Amino acid sequence: MSGWEIFGIFMGVLLAMSVIHKISGAKTPVRASIISMLSGVLALTAVNLCSGFTNIFIPVSMLSLGVSAFLGISGVTLLLVLQMIL
């Protein structure tokens, strides 16, 4: 994927999340969306940094980054549960 495609996907996800946060009544929907996306990516990073202790590793791909960015910490939890089951 080129850099423009990744940027387009990021902006699409940000727009979709902003609309969802606006509908749910957030005063600053863009800020809430960015914080949610960053918390998901940081949670994915924390899981992979702790993989030496826990023996649980989530491979970083466009799918795992997308899930963790769109769903936030709950998306990383979903990825962890799927990793343990499969």
# chains A, B, ... in the order shown; residues from 1 in each chain; ligands from 1
>>> select_by_dssp(residues="chain A", states="helix (DSSP H, G or I)", output="ChimeraX atom specification")
/A:3-24,29-49,51-54,62-71,73-85
>>> write_last_selection(atoms="C-alpha atoms", output="PDB file, in the first residue's frame")
ATOM      1  CA  GLY A   3       1.326   6.255   1.734  1.00  0.00           C
ATOM      2  CA  TRP A   4      -1.696   7.972   0.176  1.00  0.00           C
ATOM      3  CA  GLU A   5      -3.849   4.868   0.530  1.00  0.00           C
ATOM      4  CA  ILE A   6      -2.924   4.524   4.199  1.00  0.00           C
ATOM      5  CA  PHE A   7      -3.627   8.228   4.743  1.00  0.00           C
ATOM      6  CA  GLY A   8      -7.008   7.862   3.003  1.00  0.00           C
ATOM      7  CA  ILE A   9      -7.948   4.889   5.167  1.00  0.00           C
ATOM      8  CA  PHE A  10      -6.893   6.781   8.301  1.00  0.00           C
ATOM      9  CA  MET A  11      -8.971   9.811   7.342  1.00  0.00           C
ATOM     10  CA  GLY A  12     -11.985   7.611   6.506  1.00  0.00           C
ATOM     11  CA  VAL A  13     -11.803   5.889   9.876  1.00  0.00           C
ATOM     12  CA  LEU A  14     -11.380   9.243  11.623  1.00  0.00           C
ATOM     13  CA  LEU A  15     -14.413  10.640   9.808  1.00  0.00           C
ATOM     14  CA  ALA A  16     -16.551   7.590  10.618  1.00  0.00           C
ATOM     15  CA  MET A  17     -15.549   7.671  14.268  1.00  0.00           C
ATOM     16  CA  SER A  18     -16.188  11.416  14.470  1.00  0.00           C
ATOM     17  CA  VAL A  19     -19.715  10.905  13.151  1.00  0.00           C
ATOM     18  CA  ILE A  20     -20.299   8.123  15.692  1.00  0.00           C
ATOM     19  CA  HIS A  21     -18.997  10.292  18.533  1.00  0.00           C
ATOM     20  CA  LYS A  22     -21.118  13.242  17.345  1.00  0.00           C
ATOM     21  CA  ILE A  23     -24.247  11.074  17.315  1.00  0.00           C
ATOM     22  CA  SER A  24     -23.444   9.797  20.801  1.00  0.00           C
ATOM     23  CA  PRO A  29     -16.053  14.419  18.411  1.00  0.00           C
ATOM     24  CA  VAL A  30     -12.758  14.731  16.504  1.00  0.00           C
ATOM     25  CA  ARG A  31     -10.726  14.892  19.710  1.00  0.00           C
ATOM     26  CA  ALA A  32     -12.616  11.918  21.149  1.00  0.00           C
ATOM     27  CA  SER A  33     -11.971   9.951  17.948  1.00  0.00           C
ATOM     28  CA  ILE A  34      -8.253  10.714  17.949  1.00  0.00           C
ATOM     29  CA  ILE A  35      -7.932   9.763  21.621  1.00  0.00           C
ATOM     30  CA  SER A  36      -9.787   6.503  20.994  1.00  0.00           C
ATOM     31  CA  MET A  37      -7.563   5.661  18.018  1.00  0.00           C
ATOM     32  CA  LEU A  38      -4.378   6.475  19.895  1.00  0.00           C
ATOM     33  CA  SER A  39      -5.418   4.462  22.936  1.00  0.00           C
ATOM     34  CA  GLY A  40      -6.050   1.422  20.754  1.00  0.00           C
ATOM     35  CA  VAL A  41      -2.713   1.665  18.965  1.00  0.00           C
ATOM     36  CA  LEU A  42      -0.899   2.247  22.252  1.00  0.00           C
ATOM     37  CA  ALA A  43      -2.645  -0.769  23.784  1.00  0.00           C
ATOM     38  CA  LEU A  44      -1.534  -2.884  20.815  1.00  0.00           C
ATOM     39  CA  THR A  45       2.021  -1.627  21.311  1.00  0.00           C
ATOM     40  CA  ALA A  46       1.891  -2.401  25.034  1.00  0.00           C
ATOM     41  CA  VAL A  47       0.668  -5.948  24.366  1.00  0.00           C
ATOM     42  CA  ASN A  48       3.514  -6.550  21.932  1.00  0.00           C
ATOM     43  CA  LEU A  49       6.099  -5.028  24.290  1.00  0.00           C
ATOM     44  CA  SER A  51       4.934 -10.413  24.866  1.00  0.00           C
ATOM     45  CA  GLY A  52       8.246 -11.565  26.353  1.00  0.00           C
ATOM     46  CA  PHE A  53       6.566 -11.935  29.731  1.00  0.00           C
ATOM     47  CA  THR A  54       3.134 -13.147  28.649  1.00  0.00           C
ATOM     48  CA  MET A  62      -2.926  -3.488   8.480  1.00  0.00           C
ATOM     49  CA  LEU A  63      -5.836  -5.553   9.829  1.00  0.00           C
ATOM     50  CA  SER A  64      -4.663  -5.520  13.449  1.00  0.00           C
ATOM     51  CA  LEU A  65      -3.836  -1.819  13.266  1.00  0.00           C
ATOM     52  CA  GLY A  66      -7.234  -1.092  11.736  1.00  0.00           C
ATOM     53  CA  VAL A  67      -9.109  -3.065  14.365  1.00  0.00           C
ATOM     54  CA  SER A  68      -7.147  -1.494  17.215  1.00  0.00           C
ATOM     55  CA  ALA A  69      -7.564   2.009  15.785  1.00  0.00           C
ATOM     56  CA  PHE A  70     -11.272   1.696  14.985  1.00  0.00           C
ATOM     57  CA  LEU A  71     -12.379  -0.175  18.095  1.00  0.00           C
ATOM     58  CA  ILE A  73      -8.881  -0.835  23.601  1.00  0.00           C
ATOM     59  CA  SER A  74     -11.875  -3.124  23.117  1.00  0.00           C
ATOM     60  CA  GLY A  75     -10.505  -3.996  19.670  1.00  0.00           C
ATOM     61  CA  VAL A  76      -7.168  -4.992  21.168  1.00  0.00           C
ATOM     62  CA  THR A  77      -9.039  -7.093  23.720  1.00  0.00           C
ATOM     63  CA  LEU A  78     -10.903  -8.763  20.859  1.00  0.00           C
ATOM     64  CA  LEU A  79      -7.604  -9.485  19.093  1.00  0.00           C
ATOM     65  CA  LEU A  80      -6.184 -10.948  22.311  1.00  0.00           C
ATOM     66  CA  VAL A  81      -9.174 -13.233  22.810  1.00  0.00           C
ATOM     67  CA  LEU A  82      -8.990 -14.394  19.205  1.00  0.00           C
ATOM     68  CA  GLN A  83      -5.257 -14.999  19.541  1.00  0.00           C
ATOM     69  CA  MET A  84      -5.826 -17.153  22.632  1.00  0.00           C
ATOM     70  CA  ILE A  85      -8.667 -19.140  21.050  1.00  0.00           C
TER      71      ILE A  85
END
>>> decode(residues="stretch 50-71 of chain A", atoms="N, CA and C atoms", output="compact mmCIF listing (two decimals), in the first residue's frame")
# COMPACT_ATOMS: atom_id res chain seq x y z
N CYS A 50 5.00 -6.39 25.97
CA CYS A 50 4.93 -7.33 27.10
C CYS A 50 4.90 -8.78 26.65
N SER A 51 5.04 -9.04 25.36
CA SER A 51 4.93 -10.41 24.87
C SER A 51 6.04 -11.32 25.39
N GLY A 52 7.18 -10.76 25.77
CA GLY A 52 8.25 -11.57 26.35
C GLY A 52 7.87 -12.15 27.69
N PHE A 53 7.01 -11.46 28.42
CA PHE A 53 6.57 -11.93 29.73
C PHE A 53 5.31 -12.81 29.64
N THR A 54 4.44 -12.48 28.71
CA THR A 54 3.13 -13.15 28.65
C THR A 54 3.04 -14.23 27.59
N ASN A 55 3.99 -14.28 26.66
CA ASN A 55 3.98 -15.22 25.53
C ASN A 55 2.75 -15.05 24.65
N ILE A 56 2.15 -13.88 24.65
CA ILE A 56 1.04 -13.56 23.76
C ILE A 56 1.51 -12.44 22.85
N PHE A 57 1.48 -12.70 21.55
CA PHE A 57 1.96 -11.73 20.57
C PHE A 57 0.90 -11.55 19.50
N ILE A 58 0.57 -10.30 19.20
CA ILE A 58 -0.36 -9.99 18.12
C ILE A 58 0.47 -9.44 16.96
N PRO A 59 0.53 -10.15 15.84
CA PRO A 59 1.30 -9.64 14.70
C PRO A 59 0.75 -8.30 14.22
N VAL A 60 1.63 -7.36 13.98
CA VAL A 60 1.20 -6.04 13.53
C VAL A 60 1.03 -6.08 12.02
N SER A 61 -0.19 -5.91 11.58
CA SER A 61 -0.52 -5.86 10.17
C SER A 61 -1.54 -4.73 9.97
N MET A 62 -1.93 -4.53 8.74
CA MET A 62 -2.93 -3.49 8.48
C MET A 62 -4.26 -3.85 9.15
N LEU A 63 -4.59 -5.13 9.20
CA LEU A 63 -5.84 -5.55 9.83
C LEU A 63 -5.81 -5.31 11.33
N SER A 64 -4.72 -5.71 12.00
CA SER A 64 -4.66 -5.52 13.45
C SER A 64 -4.58 -4.04 13.81
N LEU A 65 -3.87 -3.26 13.01
CA LEU A 65 -3.84 -1.82 13.27
C LEU A 65 -5.20 -1.18 13.04
N GLY A 66 -5.90 -1.63 12.00
CA GLY A 66 -7.23 -1.09 11.74
C GLY A 66 -8.22 -1.41 12.82
N VAL A 67 -8.19 -2.66 13.29
CA VAL A 67 -9.11 -3.06 14.37
C VAL A 67 -8.79 -2.30 15.65
N SER A 68 -7.50 -2.19 15.98
CA SER A 68 -7.15 -1.49 17.21
C SER A 68 -7.42 0.00 17.11
N ALA A 69 -7.28 0.58 15.93
CA ALA A 69 -7.56 2.01 15.78
C ALA A 69 -9.07 2.28 15.78
N PHE A 70 -9.84 1.44 15.10
CA PHE A 70 -11.27 1.70 14.98
C PHE A 70 -12.02 1.35 16.27
N LEU A 71 -11.66 0.25 16.90
CA LEU A 71 -12.38 -0.17 18.09
C LEU A 71 -11.71 0.23 19.40
